[in-house]
>>> print(open('entry24.cif').read())   # mmCIF, C-alpha atoms and all ligand atoms
data_input
#
loop_
_atom_site.label_atom_id
_atom_site.label_comp_id
_atom_site.auth_asym_id
_atom_site.auth_seq_id
_atom_site.Cartn_x
_atom_site.Cartn_y
_atom_site.Cartn_z
CA MET A 1 12.53 2.94 -11.67
CA THR A 2 11.69 1.64 -15.12
CA ASP A 3 8.44 2.01 -17.00
CA ASP A 4 7.76 -1.69 -17.55
CA VAL A 5 4.86 -3.12 -15.65
CA ALA A 6 5.48 -5.60 -12.82
CA ILE A 7 1.85 -6.04 -11.77
CA GLU A 8 -1.26 -5.39 -13.83
CA ILE A 9 -4.58 -5.16 -11.98
CA ARG A 10 -7.73 -5.19 -14.09
CA ASP A 11 -11.40 -5.06 -13.03
CA LEU A 12 -10.47 -6.22 -9.56
CA GLU A 13 -13.44 -6.74 -7.28
CA VAL A 14 -13.43 -8.02 -3.70
CA THR A 15 -16.71 -8.95 -2.08
CA PHE A 16 -17.89 -10.43 1.19
CA ASP A 17 -21.34 -11.83 1.81
CA VAL A 18 -22.59 -10.27 5.02
CA GLU A 19 -25.97 -10.34 6.74
CA ARG A 20 -26.97 -6.96 5.30
CA GLY A 21 -26.14 -8.08 1.76
CA GLU A 22 -23.04 -8.09 -0.42
CA SER A 23 -20.19 -6.00 0.92
CA ASN A 24 -18.21 -4.69 -2.03
CA VAL A 25 -14.87 -3.61 -0.56
CA VAL A 26 -12.93 -3.22 -3.85
CA ARG A 27 -14.83 -2.08 -6.93
CA ASN A 28 -13.60 -2.48 -10.49
CA VAL A 29 -10.07 -1.40 -9.75
CA ASP A 30 -7.49 -0.97 -12.53
CA LEU A 31 -3.88 -0.21 -11.68
CA ASP A 32 -0.37 -0.84 -13.00
CA VAL A 33 2.61 -1.19 -10.67
CA TYR A 34 5.88 -0.40 -12.44
CA ARG A 35 9.07 -2.38 -11.91
CA GLU A 36 11.36 -0.95 -9.24
CA GLU A 37 9.05 1.90 -8.31
CA THR A 38 7.65 2.64 -4.88
CA LEU A 39 3.93 2.96 -5.29
CA GLY A 40 2.12 4.43 -2.32
CA ILE A 41 -1.53 3.58 -1.75
CA VAL A 42 -3.20 6.04 0.61
CA GLY A 43 -6.73 6.47 1.93
CA GLU A 44 -8.84 6.53 5.08
CA SER A 45 -9.15 3.31 7.03
CA GLY A 46 -11.79 1.08 5.48
CA SER A 47 -11.28 2.54 1.98
CA GLY A 48 -10.23 -0.85 0.56
CA LYS A 49 -6.47 -0.35 0.29
CA SER A 50 -5.48 -3.42 2.34
CA MET A 51 -7.89 -5.55 0.32
CA VAL A 52 -6.16 -4.48 -2.90
CA ALA A 53 -2.83 -5.48 -1.33
CA LEU A 54 -4.10 -8.88 -0.19
CA SER A 55 -5.50 -9.50 -3.68
CA LEU A 56 -1.99 -9.24 -5.11
CA LEU A 57 -1.27 -12.47 -3.20
CA ASP A 58 -4.77 -13.93 -3.61
CA ALA A 59 -4.95 -13.78 0.18
CA ILE A 60 -8.42 -12.34 0.81
CA PRO A 61 -9.64 -13.96 4.05
CA GLU A 62 -12.72 -16.19 4.04
CA PRO A 63 -15.59 -15.66 3.37
CA GLY A 64 -14.43 -12.97 0.94
CA GLY A 65 -13.35 -13.47 -2.63
CA ALA A 66 -11.46 -11.59 -5.33
CA SER A 67 -12.37 -11.59 -9.02
CA GLY A 68 -10.92 -9.87 -12.06
CA GLU A 69 -7.28 -10.10 -13.05
CA VAL A 70 -3.99 -9.71 -11.22
CA ILE A 71 -1.16 -10.43 -13.65
CA TYR A 72 2.38 -10.55 -12.29
CA HIS A 73 5.18 -10.04 -14.81
CA PRO A 74 8.47 -11.40 -13.43
CA GLU A 75 11.61 -9.81 -14.78
CA ASN A 76 12.47 -13.13 -16.42
CA GLY A 77 9.76 -15.62 -17.21
CA ASP A 78 6.15 -15.89 -18.23
CA PRO A 79 3.36 -13.74 -16.77
CA VAL A 80 1.52 -15.27 -13.82
CA SER A 81 -2.25 -14.95 -13.38
CA VAL A 82 -2.24 -14.76 -9.59
CA LEU A 83 -5.95 -15.32 -8.99
CA ASP A 84 -5.79 -18.56 -11.04
CA LEU A 85 -2.90 -20.22 -9.18
CA ASP A 86 -3.57 -23.58 -7.51
CA PRO A 87 -2.83 -23.80 -3.75
CA GLU A 88 0.67 -25.25 -4.14
CA ALA A 89 1.70 -22.76 -6.83
CA LEU A 90 0.26 -19.96 -4.69
CA ARG A 91 2.22 -21.15 -1.64
CA ARG A 92 5.45 -20.91 -3.64
CA PHE A 93 4.47 -17.65 -5.30
CA ARG A 94 4.01 -15.90 -1.96
CA TRP A 95 7.43 -15.01 -0.50
CA GLU A 96 9.34 -16.19 -3.59
CA GLN A 97 7.86 -13.65 -6.03
CA ILE A 98 5.84 -11.22 -3.94
CA ALA A 99 6.31 -10.91 -0.18
CA MET A 100 4.23 -8.91 2.27
CA VAL A 101 4.98 -7.23 5.59
CA PHE A 102 2.12 -6.20 7.86
CA GLN A 103 2.06 -3.78 10.76
CA GLY A 104 2.74 -5.30 14.15
CA ALA A 105 5.59 -7.74 13.49
CA MET A 106 4.74 -9.49 16.76
CA THR A 107 1.70 -11.19 15.23
CA SER A 108 3.66 -12.23 12.11
CA PHE A 109 6.23 -14.18 14.13
CA ASN A 110 5.60 -17.40 16.03
CA PRO A 111 6.37 -16.45 19.66
CA VAL A 112 7.87 -19.85 20.53
CA MET A 113 10.35 -19.87 17.63
CA SER A 114 13.64 -17.96 17.55
CA ILE A 115 14.28 -15.62 14.65
CA ARG A 116 16.86 -18.11 13.34
CA GLU A 117 14.21 -20.85 13.26
CA HIS A 118 11.87 -18.55 11.29
CA PHE A 119 14.56 -18.00 8.66
CA ARG A 120 15.49 -21.71 8.49
CA GLU A 121 11.89 -22.87 8.26
CA THR A 122 11.04 -20.41 5.50
CA LEU A 123 14.06 -21.54 3.45
CA GLN A 124 13.29 -25.25 4.03
CA ASP A 125 9.57 -24.92 3.23
CA HIS A 126 10.42 -23.43 -0.13
CA GLY A 127 13.18 -25.92 -0.93
CA TYR A 128 15.99 -23.34 -0.81
CA ASP A 129 19.61 -24.10 0.11
CA VAL A 130 19.55 -23.37 3.87
CA PRO A 131 23.26 -22.50 4.52
CA ALA A 132 23.38 -20.18 1.51
CA GLY A 133 20.04 -18.65 2.53
CA MET A 134 21.17 -18.10 6.12
CA GLU A 135 24.28 -16.36 4.84
CA ARG A 136 22.08 -14.15 2.69
CA GLY A 137 19.90 -13.50 5.77
CA THR A 138 22.97 -12.43 7.73
CA GLY A 139 23.81 -9.91 5.04
CA ILE A 140 20.25 -8.54 4.91
CA LEU A 141 20.12 -8.13 8.71
CA GLU A 142 23.42 -6.26 8.58
CA GLN A 143 22.07 -4.06 5.82
CA LEU A 144 19.17 -3.23 8.15
CA TYR A 145 21.70 -2.25 10.87
CA LEU A 146 20.95 -5.27 13.05
CA ASP A 147 23.48 -7.56 14.75
CA PRO A 148 22.74 -10.91 13.01
CA ASP A 149 24.06 -13.12 15.84
CA ARG A 150 22.01 -11.39 18.48
CA VAL A 151 18.86 -11.22 16.34
CA PHE A 152 19.06 -14.85 15.15
CA GLU A 153 19.37 -16.07 18.76
CA SER A 154 16.45 -13.95 20.00
CA TYR A 155 12.79 -14.80 20.34
CA PRO A 156 10.41 -12.20 18.92
CA HIS A 157 9.44 -10.78 22.33
CA GLU A 158 13.12 -10.20 23.16
CA LEU A 159 13.48 -7.61 20.39
CA SER A 160 12.26 -4.00 20.48
CA GLY A 161 9.40 -3.05 18.14
CA GLY A 162 11.74 -1.43 15.63
CA MET A 163 14.17 -4.38 15.64
CA ARG A 164 11.31 -6.84 15.21
CA GLN A 165 9.91 -4.94 12.25
CA ARG A 166 13.36 -4.84 10.63
CA ALA A 167 13.82 -8.57 11.30
CA LEU A 168 10.48 -9.18 9.59
CA ILE A 169 11.52 -7.11 6.59
CA ALA A 170 14.74 -9.16 6.40
CA LEU A 171 12.75 -12.41 6.60
CA SER A 172 10.43 -11.22 3.83
CA LEU A 173 13.49 -10.76 1.57
CA ILE A 174 15.13 -14.10 2.31
CA LEU A 175 13.64 -15.81 -0.78
CA GLU A 176 14.64 -12.87 -3.00
CA PRO A 177 11.19 -11.67 -4.08
CA GLU A 178 10.99 -8.98 -6.75
CA VAL A 179 8.04 -7.23 -5.10
CA LEU A 180 7.55 -6.30 -1.45
CA ILE A 181 4.15 -5.14 -0.20
CA LEU A 182 4.17 -3.19 3.06
CA ASP A 183 0.83 -2.65 4.78
CA GLU A 184 1.12 0.06 7.45
CA PRO A 185 4.58 -1.35 8.30
CA THR A 186 5.47 1.47 10.66
CA ALA A 187 2.09 2.14 12.28
CA ALA A 188 3.03 0.62 15.65
CA LEU A 189 6.38 2.46 15.86
CA ASP A 190 7.36 5.84 17.23
CA LEU A 191 8.02 8.70 14.86
CA LEU A 192 11.80 8.42 14.94
CA MET A 193 11.73 4.69 14.23
CA GLN A 194 9.18 5.26 11.43
CA ARG A 195 11.51 7.66 9.65
CA SER A 196 14.47 5.36 10.17
CA ILE A 197 12.58 2.39 8.67
CA ILE A 198 11.59 4.55 5.70
CA ASN A 199 15.26 5.39 5.09
CA LEU A 200 16.20 1.72 5.39
CA LEU A 201 13.48 0.72 2.94
CA ARG A 202 14.85 3.17 0.41
CA GLU A 203 18.31 1.64 0.84
CA ILE A 204 17.18 -1.97 0.49
CA GLN A 205 15.00 -1.09 -2.47
CA ALA A 206 18.04 0.19 -4.31
CA THR A 207 20.26 -2.73 -3.23
CA PHE A 208 17.79 -5.48 -4.09
CA GLU A 209 16.16 -3.67 -7.04
CA LEU A 210 12.77 -4.14 -5.43
CA THR A 211 9.35 -3.00 -6.49
CA LEU A 212 7.64 -1.65 -3.36
CA VAL A 213 3.92 -1.21 -2.75
CA PHE A 214 3.51 0.83 0.42
CA ILE A 215 0.06 1.10 1.99
CA THR A 216 -0.77 3.64 4.65
CA HIS A 217 -3.24 6.23 5.90
CA ASP A 218 -0.21 8.42 6.75
CA LEU A 219 0.16 10.77 3.83
CA PRO A 220 3.20 12.74 5.08
CA LEU A 221 5.06 9.48 5.66
CA LEU A 222 4.20 8.27 2.18
CA THR A 223 5.61 11.38 0.58
CA LYS A 224 9.01 10.45 2.04
CA ILE A 225 9.19 7.22 0.08
CA ALA A 226 6.66 6.98 -2.77
CA ASP A 227 7.54 7.74 -6.39
CA ARG A 228 3.85 7.61 -7.28
CA MET A 229 0.73 7.74 -5.18
CA ALA A 230 -2.67 6.17 -5.71
CA VAL A 231 -5.44 7.68 -3.59
CA MET A 232 -8.24 5.35 -2.64
CA TYR A 233 -11.75 6.43 -1.74
CA ALA A 234 -14.89 4.33 -1.51
CA PHE A 235 -13.19 1.12 -2.63
CA ASP A 236 -11.66 2.49 -5.84
CA PHE A 237 -8.79 4.74 -6.88
CA VAL A 238 -9.82 8.36 -7.34
CA GLU A 239 -6.43 9.88 -8.22
CA ILE A 240 -3.10 8.47 -9.41
CA ALA A 241 0.00 10.57 -10.10
CA GLY A 242 3.67 11.05 -9.32
CA THR A 243 4.10 12.17 -5.71
CA GLN A 244 5.19 15.74 -6.38
CA GLU A 245 2.63 16.12 -9.17
CA LEU A 246 -0.13 14.97 -6.84
CA LEU A 247 0.98 17.23 -4.02
CA HIS A 248 1.16 20.32 -6.20
CA HIS A 249 -1.56 19.75 -8.81
CA SER A 250 -4.13 17.48 -7.25
CA GLY A 251 -7.30 17.39 -9.35
CA HIS A 252 -9.62 15.51 -7.01
CA PRO A 253 -11.53 17.18 -4.15
CA TYR A 254 -10.95 14.17 -1.88
CA THR A 255 -7.16 14.28 -2.32
CA ARG A 256 -7.23 18.00 -1.55
CA ALA A 257 -9.35 17.34 1.54
CA LEU A 258 -6.84 14.68 2.64
CA LEU A 259 -4.00 17.16 2.20
CA SER A 260 -5.93 19.84 4.10
CA THR A 261 -6.71 17.56 7.00
CA THR A 262 -3.24 16.10 7.39
CA PRO A 263 -1.76 17.50 10.57
CA ASP A 264 1.95 17.64 11.25
CA LEU A 265 3.79 17.89 14.53
CA THR A 266 3.40 21.65 14.62
CA THR A 267 -0.36 21.74 14.04
CA PRO A 268 -2.16 22.82 17.23
CA PRO A 269 -4.97 20.37 18.20
CA GLU A 270 -7.65 23.04 17.69
CA GLU A 271 -6.57 23.45 14.07
CA ILE A 272 -6.70 19.76 13.14
CA GLN A 273 -9.46 19.37 10.56
CA THR A 274 -11.47 16.35 9.54
CA ILE A 275 -13.21 15.60 6.26
CA GLU A 276 -16.88 16.35 6.69
CA GLY A 277 -19.52 13.70 6.08
CA THR A 278 -19.57 9.99 6.71
CA LYS A 279 -17.37 7.34 5.17
CA PRO A 280 -18.98 5.24 2.44
CA ASP A 281 -20.64 1.97 3.34
CA PRO A 282 -19.40 -1.05 1.34
CA VAL A 283 -22.91 -2.53 1.28
CA GLU A 284 -24.52 0.59 -0.20
CA TYR A 285 -24.31 1.61 -3.83
CA ILE A 286 -23.87 5.34 -4.43
CA SER A 287 -25.03 6.53 -7.83
CA GLY A 288 -22.75 8.79 -9.87
CA CYS A 289 -19.50 9.91 -8.24
CA SER A 290 -18.90 8.04 -4.97
CA TYR A 291 -17.58 11.24 -3.35
CA HIS A 292 -20.64 13.37 -4.16
CA PRO A 293 -22.25 13.11 -0.69
CA ARG A 294 -19.16 14.81 0.79
CA CYS A 295 -18.01 16.98 -2.10
CA PRO A 296 -18.56 20.75 -1.95
CA MET A 297 -18.56 20.88 -5.77
CA ALA A 298 -21.18 18.16 -6.35
CA ASP A 299 -23.95 18.93 -8.87
CA GLU A 300 -26.55 16.99 -10.86
CA GLN A 301 -23.99 15.48 -13.22
CA CYS A 302 -21.94 14.24 -10.26
CA ARG A 303 -24.98 12.60 -8.70
CA ALA A 304 -26.00 10.95 -11.97
CA THR A 305 -22.80 9.92 -13.75
CA GLU A 306 -19.76 8.09 -12.44
CA PRO A 307 -16.71 9.99 -13.68
CA GLY A 308 -14.10 7.19 -13.85
CA LEU A 309 -10.39 8.00 -14.03
CA MET A 310 -9.57 10.61 -16.68
CA ASP A 311 -6.35 12.36 -17.71
CA VAL A 312 -5.59 15.53 -15.77
CA ARG A 313 -2.03 16.10 -17.00
CA ALA A 314 0.73 13.81 -18.24
CA ASN A 315 0.84 10.64 -16.10
CA HIS A 316 -1.83 12.04 -13.82
CA GLU A 317 -5.40 10.75 -13.62
CA ALA A 318 -8.33 11.72 -11.42
CA SER A 319 -11.92 10.58 -11.36
CA CYS A 320 -13.69 13.93 -11.26
CA HIS A 321 -15.87 15.58 -13.91
CA TYR A 322 -14.48 18.97 -12.90
CA HIS A 323 -10.82 18.15 -12.30
CA ALA A 324 -9.70 21.22 -14.26
CA ASP A 325 -11.68 23.52 -11.93
CA VAL A 326 -10.80 21.77 -8.68
CA PRO A 327 -7.49 23.58 -7.94
CA ASP A 328 -9.27 26.97 -8.15
CA GLU A 329 -12.38 25.85 -6.29
CA ILE A 330 -10.83 23.89 -3.43
CA THR A 331 -7.86 25.43 -1.72
CA ILE A 332 -5.66 23.29 0.47
CA ARG A 333 -5.77 24.69 4.01
CA ASN A 334 -3.00 24.11 6.51
CA ARG A 335 -0.64 22.55 4.01
CA PRO A 336 1.32 20.30 6.31
CA ARG A 337 4.94 21.28 6.66
CA GLY A 338 7.24 18.53 5.54
CA VAL A 339 4.79 17.49 2.82
CA ILE A 340 4.61 20.38 0.39
CA ASP A 341 7.07 23.00 1.47
CA GLU A 342 10.31 21.04 1.49
S1 LIG B 401 -17.21 14.37 -9.88
FE1 LIG B 401 -18.37 15.93 -8.79
S2 LIG B 401 -18.80 15.06 -6.76
FE2 LIG B 401 -17.20 13.84 -7.69
S3 LIG B 401 -15.33 14.71 -6.92
FE3 LIG B 401 -15.74 15.70 -8.89
S4 LIG B 401 -16.89 17.55 -8.39
FE4 LIG B 401 -16.93 16.22 -6.57
#
>>> encode(input="entry24.cif", output="structure tokens", more="lines below")
Ligand code: SF4
Amino acid sequence: MTDDVAIEIRDLEVTFDVERGESNVVRNVDLDVYREETLGIVGESGSGKSMVALSLLDAIPEPGGASGEVIYHPENGDPVSVLDLDPEALRRFRWEQIAMVFQGAMTSFNPVMSIREHFRETLQDHGYDVPAGMERGTGILEQLYLDPDRVFESYPHELSGGMRQRALIALSLILEPEVLILDEPTAALDLLMQRSIINLLREIQATFELTLVFITHDLPLLTKIADRMAVMYAFDFVEIAGTQELLHHSGHPYTRALLSTTPDLTTPPEEIQTIEGTKPDPVEYISGCSYHPRCPMADEQCRATEPGLMDVRANHEASCHYHADVPDEITIRNRPRGVIDE
């Protein structure tokens, strides 16, 4: 991992017009993604993390829209303002510069096309040399412990879930992007396959010198792969730090609640906790700190003034007025084994 920035996100907002009003699903987000790091974005479902990911490819579905700045800095070449690209430039940008893998590979593949046809079509559509690209594809499939001949000949439904997801990861790398975004890439897989894909991702990241952005609600899984973690709550980041720093010195009550409520395989069902209170509504505006309705430490200042991200320690930010007091005030219950105690 280097410390130069691959993607700069500034004042990012994503909104949808809905019957009840304007639904603000990403609010004034600022974030840097460093070259060749694995950045994990974690939060409850509906917190806005997938919308941030889609914004990196200017792929917010209609009728939504993204505003603000997403600047991509290729290793060689001029910066690209992603939200200003015209449709043709955007078509090339996706897959060639930044590629994305979603959960459920089945829906990402065309069921009537073989895997070979998917690879060929992607190379042709982007004007790449097809034989050279297919050879590269063979190598990537091998690197992902797949038999290229068998996989190329198969239709998506003929592969197991784990093989399909690996084939999709290989396809996403065929145009040699520098950044790979993975949105819940292992959610549909069993635990063993999840761990195996995580190990494979670490290997391909090193081989292809990739920058990875990994999005999930699964905090223990994220700790296995992320160099840094960004915790999202109520459509904005509330804490950003290196993974170990965040696990040991979290300065935001929401992060500590997430850690407390993360079960592992050994947690008996009766001990599984949930975070009290209701999730924020993207149509409603909450004054002050967005977490105050659920925070046990909330006071008048919290209800009146939005904290914004502030320095907690070196390379560690949290948006909490009382971040220095949080570790003493909010203990982490049931620290999940495999997350902290390794
Ligand atoms: S600013 Fe106040 S309400 Fe918000 S997380 Fe910190 S203590 Fe809780």
>>> residues_near_ligand(input="entry24.cif", ligand="ligand LIG 401 (chain B)", cutoff="8 Å", atoms="all atoms listed in the file", output="JSON list (two decimals) with C-alpha atoms, in the frame of the given file")
[["chain", "number", "residue", "atom", "x", "y", "z"],
["A", 252, "HIS", "CA", -9.62, 15.51, -7.01],
["A", 253, "PRO", "CA", -11.53, 17.18, -4.15],
["A", 254, "TYR", "CA", -10.95, 14.17, -1.88],
["A", 288, "GLY", "CA", -22.75, 8.79, -9.87],
["A", 289, "CYS", "CA", -19.50, 9.91, -8.24],
["A", 290, "SER", "CA", -18.90, 8.04, -4.97],
["A", 291, "TYR", "CA", -17.58, 11.24, -3.35],
["A", 292, "HIS", "CA", -20.64, 13.37, -4.16],
["A", 293, "PRO", "CA", -22.25, 13.11, -0.69],
["A", 294, "ARG", "CA", -19.16, 14.81, 0.79],
["A", 295, "CYS", "CA", -18.01, 16.98, -2.10],
["A", 296, "PRO", "CA", -18.56, 20.75, -1.95],
["A", 297, "MET", "CA", -18.56, 20.88, -5.77],
["A", 298, "ALA", "CA", -21.18, 18.16, -6.35],
["A", 299, "ASP", "CA", -23.95, 18.93, -8.87],
["A", 301, "GLN", "CA", -23.99, 15.48, -13.22],
["A", 302, "CYS", "CA", -21.94, 14.24, -10.26],
["A", 303, "ARG", "CA", -24.98, 12.60, -8.70],
["A", 306, "GLU", "CA", -19.76, 8.09, -12.44],
["A", 307, "PRO", "CA", -16.71, 9.99, -13.68],
["A", 319, "SER", "CA", -11.92, 10.58, -11.36],
["A", 320, "CYS", "CA", -13.69, 13.93, -11.26],
["A", 321, "HIS", "CA", -15.87, 15.58, -13.91],
["A", 322, "TYR", "CA", -14.48, 18.97, -12.90],
["A", 323, "HIS", "CA", -10.82, 18.15, -12.30],
["A", 326, "VAL", "CA", -10.80, 21.77, -8.68]]
>>> atom_distance(input="entry24.cif", atom1="CA of Met100 (chain A)", atom2="CA of Asp149 (chain A)")
24.4 Å
>>> residues_around(input="entry24.cif", residues="region 126-141 of chain A", least_positions_apart="4", cutoff="12 Å", atoms="all atoms listed in the file", output="number ranges by chain")
A: 88-97, 115-122, 145-152, 163-176, 200-201, 203-205, 207-208
>>> closest_atom_pairs(input="entry24.cif", of="region 62-146 of chain A", to="region 26-47 of chain A", cutoff="12 Å", atoms="all atoms listed in the file", output="JSON lines")
{"residue": "A:Gly64", "atom": "CA", "partner": "A:Val26", "partner_atom": "CA", "distance": 11.0}
{"residue": "A:Gly65", "atom": "CA", "partner": "A:Val26", "partner_atom": "CA", "distance": 10.3}
{"residue": "A:Ala66", "atom": "CA", "partner": "A:Val26", "partner_atom": "CA", "distance": 8.6}
{"residue": "A:Ser67", "atom": "CA", "partner": "A:Asn28", "partner_atom": "CA", "distance": 9.3}
{"residue": "A:Gly68", "atom": "CA", "partner": "A:Asn28", "partner_atom": "CA", "distance": 8.0}
{"residue": "A:Glu69", "atom": "CA", "partner": "A:Asp30", "partner_atom": "CA", "distance": 9.1}
{"residue": "A:Val70", "atom": "CA", "partner": "A:Asp30", "partner_atom": "CA", "distance": 9.5}
{"residue": "A:Ile71", "atom": "CA", "partner": "A:Asp32", "partner_atom": "CA", "distance": 9.6}
{"residue": "A:Tyr72", "atom": "CA", "partner": "A:Val33", "partner_atom": "CA", "distance": 9.5}
{"residue": "A:His73", "atom": "CA", "partner": "A:Arg35", "partner_atom": "CA", "distance": 9.1}
{"residue": "A:Pro74", "atom": "CA", "partner": "A:Arg35", "partner_atom": "CA", "distance": 9.2}
{"residue": "A:Glu75", "atom": "CA", "partner": "A:Arg35", "partner_atom": "CA", "distance": 8.4}
>>> residues_near_point(input="entry24.cif", point="(-3.8, -5.6, -3.1)", cutoff="10 Å", atoms="only C-alpha atoms", output="VMD selection string")
chain A and resid 9 12 14 26 41 48 to 60 66 70 181 183 213 215
>>> closest_residue(input="entry24.cif", among="A:Asn199, A:Thr331, A:Asn76, A:Gln103", to="Leu259 (chain A)", atoms="only C-alpha atoms")
A:Thr331
>>> atom_distance(input="entry24.cif", atom1="CA of Pro111 (chain A)", atom2="CA of Gly162 (chain A)")
16.5 Å
>>> closest_residue(input="entry24.cif", among="A:Gln143, A:Leu212, A:Ala6, A:Arg20", to="Asp78 (chain A)", atoms="all atoms listed in the file")
A:Ala6
>>> closest_residue(input="entry24.cif", among="A:Met113, A:Ala324, A:Leu83, A:Val179", to="Ile7 (chain A)", atoms="only C-alpha atoms")
A:Val179
>>> closest_residue(input="entry24.cif", among="A:Val80, A:Leu222, A:Thr305, A:His316", to="Glu245 (chain A)", atoms="only C-alpha atoms")
A:His316
>>> axis_aligned_box(input="entry24.cif", around="region 8-22 of chain A", padding_each_side="6 Å", output="JSON")
{"center_x": -14.1, "center_y": -8.4, "center_z": -3.7, "size_x": 37.7, "size_y": 18.8, "size_z": 32.8}
>>> atom_distance(input="entry24.cif", atom1="CA of Asp236 (chain A)", atom2="CA of Ala188 (chain A)")
26.1 Å
>>> residues_around(input="entry24.cif", residues="Arg333 (chain A)", least_positions_apart="3", cutoff="9 Å", atoms="only C-alpha atoms", output="PyMOL selection string")
chain A and resi 256-257+259-261+336
